[in-house]
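Engineer: One structure follows; several queries about it will come next.
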Amino acid sequence: MTRTQGIAEIVSRQRRFFGSGATLPCEVRLERLRRLLDAIAKHEDALHVALAKDLCKPPFESYLTETGFSRYDLRYTIKRLKKWMKPKRVRTPLLAQPGRSWILYCPLGVNLIVSPFNYPIQLAVVPLTAAIAAGNTAVVKTSELTPACSEATRQLIEGVFDPEYAACVTGGVEESTALLNQKFDHIFFTGSPRVGAIVMRAAAEHLTPVTLELGGKSPCIVHHDAKMSVAANRIAFAKFLNAGQTCVAPDYVMVHRRVERQFIDCLKQRISEMYGPDPAASGDFARIVNAEHCRRIASLIDPAKVVIGGQYDVDKRFIAPTVMSGVTVDDKVMSEEIFGPVLPVMTYDELDEVYETIAGLPQHPLAFYVFSESKTVQQELIQRIPFGGGCINHCMQHLVNPNLPFGGVGQSGIGSYHGFSGFERFSHKKSILKAATRFDLSLVYPPYQGKLARVRRIMK
Ligand code: NAD
């Protein structure tokens with residue numbers, strides 16, 4: 001059997017299994033989610049070893065952003081699933097009386113989940129949790145760039161699920177393409193906008209709905225009234241976590257010209273406190289996923305504009321936490337999503353320059369951050385600028401709150417998930433109206449003679 005035939009077989013087995021109704025009972029879903037939760041706890045060390053192998057993730061980051069995050073999401077889901085699954089009663093207007101109306105959350109069916117390399121465990125497990133919670137089956141396709149994590153994810157999924165319920169396909173473009181040739185009921189893709197477009201084109205062939213969790217350049221604004229050391233702390237943490245390979249990391253900073261010096265001084269101090277005088281020797285700083293990405297990121301560094309860091313070693317996949325100042329939109333570093341530990345800093349005098357810069361870039365940001373003590377500045381920026389989600393006086397914290405839907409807007413994504421939003425994303429909201437049969441009002445049946453005035457009154 002070829003790999004492609006194997007994939008077709010998995011999908012058709014999942015379709016049969018889903019069609020049998022086996023995934024519908026709440027208890028079945030809960031039992032699998034509990035097993036997944038236990039399996040992550042049991043294999044936590046092995047997962048952290050895989051993350052260290054592929055990305056040199058420090059165990060603390062592996063727990064915070066991968067295994068701990070996934071377990072938190074699982075526990076949150078398990079605790080609330082019964083309530084989420086309850087049909088939601090809605091009012092019934094006079095015209096449809098006598099009757100009752102409700103919304104039923106039904107699973108979409110067989111799902112394809114495609115995950116990227118940067119948070120390889122979390123970005124496979126969290127969508128899978130939502131898919132299973134909503135009563136679906138799923139095929140998870142992991143990234144070829146993180147082979148140890150892909151293998152660990154495969155073992156994790158195969159240890160909890162039979163392949164007709166949830167399966168894991170490892171591999172790269174060939175496997176992805178073979179999967180995309182199949183008919184799914186929903187494709188949940190996390191990755192780059194370039195591949196997102198490929199996924200959407202393939203989905204269009206079968207009219208398959210897609211969720212796209214993409215990336216882009218997320219701005220961070222530091223106004224002159226911001227608490228500078230707080231801003232520097234939070235920006236440095238968010239930018240250099242996982243060596244900058246985070247979709248919601250601040251891609252670039254726009255700082256008010258008056259406080260640029262102060263901001264860069266604070267950043268310098270914080271970076272050295274976080275990673276020591278030689279970040280290459282720090283055990284708390286991850287590495288770039290491969291040499292190719294390392295070369296790409298290094299090529300974005302303009303040595304003439306470096307004010308902090310700037311060192312790199314492609315063989316060791318290392319790029320130091322780097323800050324560049326005096327950057328303009330014409331610099332190479334502003335031409336693409338950086339996805340590495342390089343922070344360009346631009347200045348502004350008037351907020352209008354912030355709007356113009358962001359509007360001049362090709363896509364709506366996935367995330368947006370503003371540091372300011374002024375409510376007016378905060379409100380004006382978050383209302384006027386289109387972006388997926390963001391924070392006032394912090395970076396990335398919106399992701400941590402499962403009550404906030406997480407996703408992009410425009411080219412940074414379609415649809416959102418996390419918490420109830422994830423359950424909703426993998427569900428179809430089926431509308432039901434149950435009519436009484438005790439009497440059968442003839443108001444809307446022909447002949448219509450003499451009925452229009454009464455219908456007008458009812459529909460007013
Ligand atoms: P990518 O788009 O290169 O790869 C993602 C997945 O698509 C992988 O599984 C890969 O095997 C597959 N793929 C690659 N090329 C393909 C092709 N031609 N046809 C079909 N499938 C293909 O992304 P990446 O480099 O792994 O991850 C980085 C990107 O993901 C960044 O742009 C980042 O912003 C984004 N991202 C977004 C989120 C989010 O939640 N919005 C989270 C993490 C990463």
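Letters A, B, ... go to the chains of the structure tokens in the order shown; residues in each chain start at 1; ligands are counted from 1 in the same order.
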Could I get the residues of stretch 335-419 of chain A with an atom no further than 10 Å from an atom of stretch 186-205 of chain A, each paired with its nearest atom pair and that distance in Å to one decimal, using only C-alpha atoms, sorted by chain and residue number, as CSV?

Structural biologist:
residue,atom,partner,partner_atom,distance
A:Glu337,CA,A:Ser192,CA,9.4
A:Gln363,CA,A:Pro193,CA,9.8
A:Gln411,CA,A:Pro193,CA,6.9
A:Ser412,CA,A:Pro193,CA,7.1
A:Gly413,CA,A:Pro193,CA,8.1
A:Ile414,CA,A:Phe188,CA,9.8
A:Gly415,CA,A:Phe188,CA,9.4

Engineer: Mind listing the residues within 8 Å of ligand 1, only C-alpha atoms and all ligand atoms counted, as an MDAnalysis selection string?

Structural biologist: chainID A and resid 114:119 123 141:145 171:177 180 189:196 198:199 212:216 245:248 337 339 366 406:408 412:413

Engineer: Using DSSP assignments from the backbone, pull out every residue in stretch 210-316 of chain A that falls under strand (DSSP E) and give it to me as a list of chain:residue names.

Structural biologist: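 Answer for stretch 210-316 of chain A restricted to strand (DSSP E) is A:Val210, A:Thr211, A:Leu212, A:Glu213, A:Pro219, A:Cys220, A:Ile221, A:Val222, A:Tyr252, A:Val253, A:Met254, A:Val255, A:His256, A:Val306, A:Val307, A:Ile308, A:Tyr312, A:Asp313.
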
Engineer: Take the residues that were just selected and, keeping N, CA, C and O atoms, output them as an mmCIF file, in the first residue's frame.

Structural biologist:
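Below is the file part22.cif, written as the result:
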data_model
loop_
_atom_site.group_PDB
_atom_site.id
_atom_site.type_symbol
_atom_site.label_atom_id
_atom_site.label_comp_id
_atom_site.auth_asym_id
_atom_site.auth_seq_id
_atom_site.Cartn_x
_atom_site.Cartn_y
_atom_site.Cartn_z
ATOM 1 N N VAL A 210 -12.794 25.960 6.026
ATOM 2 C CA VAL A 210 -11.445 25.992 6.604
ATOM 3 C C VAL A 210 -11.375 26.930 7.801
ATOM 4 O O VAL A 210 -12.094 27.929 7.866
ATOM 5 N N THR A 211 -10.517 26.559 8.734
ATOM 6 C CA THR A 211 -10.076 27.494 9.763
ATOM 7 C C THR A 211 -8.601 27.711 9.480
ATOM 8 O O THR A 211 -7.855 26.741 9.332
ATOM 9 N N LEU A 212 -8.206 28.960 9.366
ATOM 10 C CA LEU A 212 -6.797 29.249 9.081
ATOM 11 C C LEU A 212 -6.229 30.093 10.205
ATOM 12 O O LEU A 212 -6.722 31.200 10.461
ATOM 13 N N GLU A 213 -5.238 29.543 10.881
ATOM 14 C CA GLU A 213 -4.539 30.274 11.949
ATOM 15 C C GLU A 213 -3.173 30.633 11.378
ATOM 16 O O GLU A 213 -2.285 29.783 11.335
ATOM 17 N N PRO A 219 2.441 44.341 15.310
ATOM 18 C CA PRO A 219 3.125 45.528 15.844
ATOM 19 C C PRO A 219 2.971 45.684 17.347
ATOM 20 O O PRO A 219 2.019 45.170 17.940
ATOM 21 N N CYS A 220 3.909 46.407 17.922
ATOM 22 C CA CYS A 220 3.829 46.734 19.334
ATOM 23 C C CYS A 220 4.131 48.232 19.461
ATOM 24 O O CYS A 220 5.183 48.693 19.005
ATOM 25 N N ILE A 221 3.222 48.969 20.055
ATOM 26 C CA ILE A 221 3.368 50.422 20.146
ATOM 27 C C ILE A 221 3.761 50.786 21.587
ATOM 28 O O ILE A 221 3.103 50.345 22.540
ATOM 29 N N VAL A 222 4.809 51.578 21.720
ATOM 30 C CA VAL A 222 5.211 52.050 23.049
ATOM 31 C C VAL A 222 5.071 53.575 23.044
ATOM 32 O O VAL A 222 5.866 54.285 22.408
ATOM 33 N N TYR A 252 7.607 43.868 15.425
ATOM 34 C CA TYR A 252 8.401 45.107 15.471
ATOM 35 C C TYR A 252 7.786 46.059 16.482
ATOM 36 O O TYR A 252 6.610 45.912 16.861
ATOM 37 N N VAL A 253 8.613 47.018 16.930
ATOM 38 C CA VAL A 253 8.130 48.015 17.894
ATOM 39 C C VAL A 253 8.105 49.378 17.228
ATOM 40 O O VAL A 253 9.021 49.732 16.477
ATOM 41 N N MET A 254 7.044 50.137 17.492
ATOM 42 C CA MET A 254 7.042 51.564 17.155
ATOM 43 C C MET A 254 7.010 52.308 18.483
ATOM 44 O O MET A 254 6.054 52.177 19.251
ATOM 45 N N VAL A 255 8.071 53.052 18.734
ATOM 46 C CA VAL A 255 8.181 53.746 20.012
ATOM 47 C C VAL A 255 8.141 55.256 19.762
ATOM 48 O O VAL A 255 8.656 55.728 18.732
ATOM 49 N N HIS A 256 7.533 55.982 20.687
ATOM 50 C CA HIS A 256 7.499 57.445 20.540
ATOM 51 C C HIS A 256 8.929 57.959 20.588
ATOM 52 O O HIS A 256 9.714 57.565 21.464
ATOM 53 N N VAL A 306 22.211 47.600 14.296
ATOM 54 C CA VAL A 306 22.122 46.770 15.510
ATOM 55 C C VAL A 306 22.538 47.574 16.740
ATOM 56 O O VAL A 306 23.593 48.193 16.751
ATOM 57 N N VAL A 307 21.683 47.581 17.770
ATOM 58 C CA VAL A 307 22.064 48.244 19.029
ATOM 59 C C VAL A 307 22.206 47.233 20.177
ATOM 60 O O VAL A 307 22.800 47.540 21.212
ATOM 61 N N ILE A 308 21.637 46.065 20.010
ATOM 62 C CA ILE A 308 21.809 44.981 20.999
ATOM 63 C C ILE A 308 21.981 43.682 20.202
ATOM 64 O O ILE A 308 21.245 43.449 19.225
ATOM 65 N N TYR A 312 25.349 35.698 15.321
ATOM 66 C CA TYR A 312 24.642 34.458 14.967
ATOM 67 C C TYR A 312 25.635 33.387 14.560
ATOM 68 O O TYR A 312 26.780 33.692 14.214
ATOM 69 N N ASP A 313 25.170 32.129 14.622
ATOM 70 C CA ASP A 313 26.012 31.003 14.236
ATOM 71 C C ASP A 313 25.076 29.971 13.591
ATOM 72 O O ASP A 313 24.330 29.263 14.279
#

Engineer: Name the closest residue to A:Ala281 among the candidates A:Arg80, A:Ile297, A:Asn111, A:Phe318; distances are taken between atoms, counting only C-alpha atoms.

Structural biologist: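 Using only C-alpha atoms, A:Ala281 sits closest to A:Phe318.
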
Engineer: Could you tell me, as a ChimeraX atom specification, which residues of stretch 230-455 of chain A DSSP assigns to helix (DSSP H, G or I) when given the backbone?

Structural biologist: /A:230-244,257-275,279-281,291-298,303-305,314-316,332-334,351-360,375-384,397-399,410-412,419-425,452-455

Engineer: Given only C-alpha atoms as the basis, pick out the residue of A:His394, A:Arg287, A:Arg296, A:Lys227 nearest to A:Leu55.

Structural biologist: A:Arg287

Engineer: Counting only C-alpha atoms, which residue out of A:Gly340, A:Pro362, A:Gly283, A:Pro303 sits closest to A:Phe60?

Structural biologist: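 Of all the options, A:Gly283 lies closest to A:Phe60.
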
Engineer: So, counting only C-alpha atoms, which residue among A:Pro120, A:Gly389, A:Pro341, A:Pro98 is closest to A:Pro147?

Structural biologist: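 Looking only at the distances to A:Pro147, the closest residue turns out to be A:Pro120.
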
Engineer: Produce a table with one row for each residue of stretch 149-257 of chain A that has an atom at most 9 Å from any atom of stretch 9-31 of chain A, each row naming the nearest atom pair and its distance in Å at one decimal; use only C-alpha atoms; arrange rows by chain and rising residue number; format as CSV.

Structural biologist:
residue,atom,partner,partner_atom,distance
A:Pro163,CA,A:Ile10,CA,6.8
A:Glu164,CA,A:Gln14,CA,4.2
A:Tyr165,CA,A:Gln14,CA,6.0
A:Ala166,CA,A:Gln14,CA,7.8
A:Ala167,CA,A:Ile10,CA,7.6
A:Leu179,CA,A:Val11,CA,8.7
A:Gln182,CA,A:Val11,CA,7.6
A:Lys183,CA,A:Val11,CA,8.3
A:Phe184,CA,A:Val11,CA,8.0

Engineer: Grab the residues selected above and save them as a PDB file, in the first residue's frame with C-alpha atoms.

Structural biologist:
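To be explicit, this is the file written out as selection16.pdb:
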ATOM      1  CA  PRO A 163      -6.921   5.399  13.998  1.00  0.00           C
ATOM      2  CA  GLU A 164     -10.608   5.515  13.054  1.00  0.00           C
ATOM      3  CA  TYR A 165     -11.105   8.066  15.879  1.00  0.00           C
ATOM      4  CA  ALA A 166      -7.908  10.126  15.702  1.00  0.00           C
ATOM      5  CA  ALA A 167      -4.768   9.472  13.689  1.00  0.00           C
ATOM      6  CA  LEU A 179      -4.225  14.640   2.745  1.00  0.00           C
ATOM      7  CA  GLN A 182      -9.025  13.871   0.408  1.00  0.00           C
ATOM      8  CA  LYS A 183     -12.472  15.145   1.200  1.00  0.00           C
ATOM      9  CA  PHE A 184     -12.688  16.357   4.799  1.00  0.00           C
TER      10      PHE A 184
END

Engineer: Which distance in Å separates atom CA of A:Arg154 and atom CA of A:Thr170, to one decimal?

Structural biologist: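 Distance between the two atoms: 7.3 Å.
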
Engineer: With only C-alpha atoms as the basis for distance, which of A:Glu292, A:Asp315, A:Asp251, A:Asp302 is at the shortest distance from A:Tyr369?

Structural biologist: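 Using only C-alpha atoms, A:Tyr369 sits closest to A:Asp251.
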
Engineer: Which residue is closest to A:Phe263? Choose from A:Asp225, A:Glu158, A:Asp284, A:Asp278 and count only C-alpha atoms.

Structural biologist: A:Asp225

Engineer: What gap, in Å, lies between atom CA of A:Glu373 and atom CA of A:His224?

Structural biologist: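 Interatomic distance, atom CA of A:Glu373 to atom CA of A:His224: 9.0 Å.
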
Engineer: Quick one: residues within 9 Å of A:Ile40, only C-alpha atoms counted, chain neighbours fewer than 6 positions away excluded, as an MDAnalysis selection string?

Structural biologist: chainID A and resid 47 67:68 70:71 156

Engineer: Separation of atom CA of A:Arg270 and atom CA of A:Val230, in Å?

Structural biologist: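 Separating atom CA of A:Arg270 from atom CA of A:Val230 is a distance of 10.0 Å.
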
Engineer: Identify, on the basis of only C-alpha atoms, every residue whose closest approach to A:Cys391 does not exceed 10 Å; exclude the query and any residue fewer than 6 positions from it along the same chain; express the result as a PyMOL selection string.

Structural biologist: chain A and resi 220+367-371+378+382+397-399

Engineer: May I have the selected residues written with all heavy atoms, as a short mmCIF file (atom, residue, chain, number, x, y, z; two decimals), in the first residue's frame?

Structural biologist:
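Saved result, out_28.cif, follows:
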data_model
loop_
_atom_site.label_atom_id
_atom_site.label_comp_id
_atom_site.auth_asym_id
_atom_site.auth_seq_id
_atom_site.Cartn_x
_atom_site.Cartn_y
_atom_site.Cartn_z
N CYS A 220 3.91 46.41 17.92
CA CYS A 220 3.83 46.73 19.33
C CYS A 220 4.13 48.23 19.46
O CYS A 220 5.18 48.69 19.01
CB CYS A 220 4.87 45.90 20.08
SG CYS A 220 4.90 46.27 21.82
N ALA A 367 -1.74 39.90 15.84
CA ALA A 367 -1.80 40.45 17.21
C ALA A 367 -1.35 41.91 17.19
O ALA A 367 -0.64 42.34 16.27
CB ALA A 367 -0.90 39.63 18.13
N PHE A 368 -1.77 42.62 18.22
CA PHE A 368 -1.40 44.04 18.33
C PHE A 368 -1.25 44.38 19.81
O PHE A 368 -2.06 43.93 20.64
CB PHE A 368 -2.51 44.90 17.71
CG PHE A 368 -2.28 46.37 17.89
CD1 PHE A 368 -1.44 47.07 17.03
CD2 PHE A 368 -2.88 47.07 18.93
CE1 PHE A 368 -1.21 48.42 17.20
CE2 PHE A 368 -2.65 48.42 19.11
CZ PHE A 368 -1.81 49.10 18.24
N TYR A 369 -0.20 45.14 20.12
CA TYR A 369 0.05 45.48 21.53
C TYR A 369 0.29 46.97 21.66
O TYR A 369 1.01 47.57 20.84
CB TYR A 369 1.27 44.71 22.04
CG TYR A 369 1.17 43.23 21.76
CD1 TYR A 369 2.02 42.59 20.85
CD2 TYR A 369 0.17 42.46 22.37
CE1 TYR A 369 1.90 41.24 20.57
CE2 TYR A 369 0.05 41.10 22.09
CZ TYR A 369 0.91 40.50 21.19
OH TYR A 369 0.77 39.16 20.91
N VAL A 370 -0.30 47.57 22.70
CA VAL A 370 -0.04 48.98 22.96
C VAL A 370 0.34 49.16 24.43
O VAL A 370 -0.34 48.65 25.32
CB VAL A 370 -1.25 49.88 22.57
CG1 VAL A 370 -2.56 49.37 23.12
CG2 VAL A 370 -1.01 51.32 23.02
N PHE A 371 1.44 49.86 24.64
CA PHE A 371 1.86 50.21 26.00
C PHE A 371 1.65 51.71 26.16
O PHE A 371 2.30 52.52 25.49
CB PHE A 371 3.34 49.85 26.23
CG PHE A 371 3.55 48.38 26.38
CD1 PHE A 371 3.69 47.56 25.26
CD2 PHE A 371 3.58 47.78 27.64
CE1 PHE A 371 3.87 46.20 25.39
CE2 PHE A 371 3.75 46.41 27.78
CZ PHE A 371 3.89 45.62 26.65
N GLN A 378 -5.04 54.16 24.25
CA GLN A 378 -5.32 52.71 24.21
C GLN A 378 -6.56 52.44 23.36
O GLN A 378 -6.53 51.62 22.44
CB GLN A 378 -5.59 52.19 25.63
CG GLN A 378 -4.42 52.27 26.58
CD GLN A 378 -4.84 52.02 28.03
OE1 GLN A 378 -6.02 51.77 28.33
NE2 GLN A 378 -3.89 52.10 28.94
N ILE A 382 -6.75 50.50 19.70
CA ILE A 382 -7.35 49.15 19.57
C ILE A 382 -8.64 49.19 18.74
O ILE A 382 -9.02 48.19 18.14
CB ILE A 382 -7.58 48.42 20.92
CG1 ILE A 382 -8.55 49.18 21.80
CG2 ILE A 382 -6.29 48.10 21.64
CD1 ILE A 382 -9.06 48.33 22.95
N GLN A 397 -0.61 37.84 26.33
CA GLN A 397 -1.42 37.33 27.44
C GLN A 397 -2.84 36.97 27.02
O GLN A 397 -3.50 36.17 27.67
CB GLN A 397 -1.50 38.37 28.58
CG GLN A 397 -0.24 38.50 29.40
CD GLN A 397 0.04 37.24 30.19
OE1 GLN A 397 0.76 36.37 29.72
NE2 GLN A 397 -0.48 37.14 31.39
N HIS A 398 -3.33 37.55 25.91
CA HIS A 398 -4.70 37.25 25.47
C HIS A 398 -4.85 35.77 25.12
O HIS A 398 -5.94 35.22 25.16
CB HIS A 398 -5.11 38.15 24.31
CG HIS A 398 -4.26 38.03 23.07
ND1 HIS A 398 -2.90 38.26 23.06
CD2 HIS A 398 -4.58 37.70 21.79
CE1 HIS A 398 -2.44 38.09 21.84
NE2 HIS A 398 -3.43 37.75 21.05
N LEU A 399 -3.72 35.16 24.79
CA LEU A 399 -3.71 33.74 24.43
C LEU A 399 -3.97 32.83 25.62
O LEU A 399 -4.44 31.71 25.50
CB LEU A 399 -2.30 33.44 23.92
CG LEU A 399 -2.18 32.60 22.70
CD1 LEU A 399 -2.04 33.53 21.53
CD2 LEU A 399 -0.93 31.75 22.82
#

Engineer: Just want the 12 Å neighbourhood of A:Lys79, counted on only C-alpha atoms, with same-chain residues fewer than 6 positions away dropped. Output as a PDB file with N, CA, C and O atoms, in the first residue's frame.

Structural biologist:
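part-v7.pdb was written with the following content:
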ATOM      1  N   CYS A  26     -21.404  12.166  25.227  1.00  0.00           N
ATOM      2  CA  CYS A  26     -20.525  13.029  26.020  1.00  0.00           C
ATOM      3  C   CYS A  26     -19.479  12.182  26.755  1.00  0.00           C
ATOM      4  O   CYS A  26     -18.297  12.543  26.805  1.00  0.00           O
ATOM      5  N   LEU A  30     -15.450  12.555  26.785  1.00  0.00           N
ATOM      6  CA  LEU A  30     -14.744  12.853  28.031  1.00  0.00           C
ATOM      7  C   LEU A  30     -13.691  11.803  28.353  1.00  0.00           C
ATOM      8  O   LEU A  30     -12.587  12.124  28.786  1.00  0.00           O
ATOM      9  N   LEU A  33     -10.684  12.416  26.228  1.00  0.00           N
ATOM     10  CA  LEU A  33      -9.969  13.642  26.633  1.00  0.00           C
ATOM     11  C   LEU A  33      -9.204  13.396  27.920  1.00  0.00           C
ATOM     12  O   LEU A  33      -8.067  13.852  28.072  1.00  0.00           O
ATOM     13  N   ARG A  34      -9.816  12.638  28.842  1.00  0.00           N
ATOM     14  CA  ARG A  34      -9.113  12.326  30.100  1.00  0.00           C
ATOM     15  C   ARG A  34      -7.879  11.486  29.820  1.00  0.00           C
ATOM     16  O   ARG A  34      -6.823  11.685  30.405  1.00  0.00           O
ATOM     17  N   TYR A  72      -3.724  22.317  30.595  1.00  0.00           N
ATOM     18  CA  TYR A  72      -4.657  23.320  31.129  1.00  0.00           C
ATOM     19  C   TYR A  72      -5.905  23.389  30.238  1.00  0.00           C
ATOM     20  O   TYR A  72      -7.039  23.376  30.728  1.00  0.00           O
ATOM     21  N   ASP A  73      -5.663  23.412  28.930  1.00  0.00           N
ATOM     22  CA  ASP A  73      -6.779  23.490  27.984  1.00  0.00           C
ATOM     23  C   ASP A  73      -7.665  22.237  28.073  1.00  0.00           C
ATOM     24  O   ASP A  73      -8.891  22.319  28.020  1.00  0.00           O
ATOM     25  N   MET A  85     -22.243  21.222  25.591  1.00  0.00           N
ATOM     26  CA  MET A  85     -22.995  20.368  24.665  1.00  0.00           C
ATOM     27  C   MET A  85     -24.504  20.552  24.775  1.00  0.00           C
ATOM     28  O   MET A  85     -25.245  20.100  23.917  1.00  0.00           O
ATOM     29  N   ALA A 133     -13.709  17.108  21.631  1.00  0.00           N
ATOM     30  CA  ALA A 133     -14.755  17.638  22.522  1.00  0.00           C
ATOM     31  C   ALA A 133     -16.052  17.872  21.750  1.00  0.00           C
ATOM     32  O   ALA A 133     -17.143  17.621  22.252  1.00  0.00           O
ATOM     33  N   GLY A 419     -10.819  27.304  24.313  1.00  0.00           N
ATOM     34  CA  GLY A 419     -11.992  27.231  25.179  1.00  0.00           C
ATOM     35  C   GLY A 419     -13.255  26.938  24.387  1.00  0.00           C
ATOM     36  O   GLY A 419     -13.241  26.141  23.434  1.00  0.00           O
ATOM     37  N   PHE A 420     -14.335  27.613  24.739  1.00  0.00           N
ATOM     38  CA  PHE A 420     -15.626  27.370  24.078  1.00  0.00           C
ATOM     39  C   PHE A 420     -15.553  27.687  22.582  1.00  0.00           C
ATOM     40  O   PHE A 420     -16.203  27.019  21.769  1.00  0.00           O
TER      41      PHE A 420
END

Engineer: Compile the contact shell of A:Ala304 as a PDB file with N, CA, C and O atoms, in the first residue's frame: residues with an atom at most 12 Å away, counting only C-alpha atoms, same-chain residues fewer than 4 positions apart removed.

Structural biologist:
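Saved result, part-v5.pdb, follows:
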ATOM      1  N   LEU A 300      18.133  39.228   7.641  1.00  0.00           N
ATOM      2  CA  LEU A 300      17.283  40.404   7.921  1.00  0.00           C
ATOM      3  C   LEU A 300      17.991  41.409   8.832  1.00  0.00           C
ATOM      4  O   LEU A 300      17.527  42.521   9.043  1.00  0.00           O
ATOM      5  N   ILE A 308      21.637  46.065  20.010  1.00  0.00           N
ATOM      6  CA  ILE A 308      21.809  44.981  20.999  1.00  0.00           C
ATOM      7  C   ILE A 308      21.981  43.682  20.202  1.00  0.00           C
ATOM      8  O   ILE A 308      21.245  43.449  19.225  1.00  0.00           O
ATOM      9  N   GLY A 310      23.029  40.831  17.692  1.00  0.00           N
ATOM     10  CA  GLY A 310      23.471  40.839  16.293  1.00  0.00           C
ATOM     11  C   GLY A 310      24.319  39.624  15.930  1.00  0.00           C
ATOM     12  O   GLY A 310      24.504  39.318  14.768  1.00  0.00           O
ATOM     13  N   VAL A 323      18.362  43.656  18.745  1.00  0.00           N
ATOM     14  CA  VAL A 323      17.491  44.830  18.585  1.00  0.00           C
ATOM     15  C   VAL A 323      18.149  45.764  17.584  1.00  0.00           C
ATOM     16  O   VAL A 323      19.351  46.019  17.649  1.00  0.00           O
ATOM     17  N   MET A 324      17.345  46.220  16.628  1.00  0.00           N
ATOM     18  CA  MET A 324      17.843  47.191  15.645  1.00  0.00           C
ATOM     19  C   MET A 324      17.077  48.490  15.813  1.00  0.00           C
ATOM     20  O   MET A 324      15.855  48.471  15.999  1.00  0.00           O
ATOM     21  N   SER A 325      17.783  49.625  15.750  1.00  0.00           N
ATOM     22  CA  SER A 325      17.068  50.904  15.857  1.00  0.00           C
ATOM     23  C   SER A 325      17.255  51.708  14.574  1.00  0.00           C
ATOM     24  O   SER A 325      18.049  51.329  13.702  1.00  0.00           O
ATOM     25  N   GLY A 326      16.480  52.780  14.465  1.00  0.00           N
ATOM     26  CA  GLY A 326      16.558  53.614  13.262  1.00  0.00           C
ATOM     27  C   GLY A 326      16.017  52.890  12.042  1.00  0.00           C
ATOM     28  O   GLY A 326      16.369  53.198  10.898  1.00  0.00           O
ATOM     29  N   VAL A 327      15.145  51.922  12.272  1.00  0.00           N
ATOM     30  CA  VAL A 327      14.598  51.114  11.170  1.00  0.00           C
ATOM     31  C   VAL A 327      13.466  51.895  10.489  1.00  0.00           C
ATOM     32  O   VAL A 327      12.754  52.669  11.128  1.00  0.00           O
ATOM     33  N   ASP A 331      13.377  48.984   5.205  1.00  0.00           N
ATOM     34  CA  ASP A 331      14.405  48.000   5.554  1.00  0.00           C
ATOM     35  C   ASP A 331      13.907  46.590   5.244  1.00  0.00           C
ATOM     36  O   ASP A 331      12.709  46.299   5.360  1.00  0.00           O
TER      37      ASP A 331
END
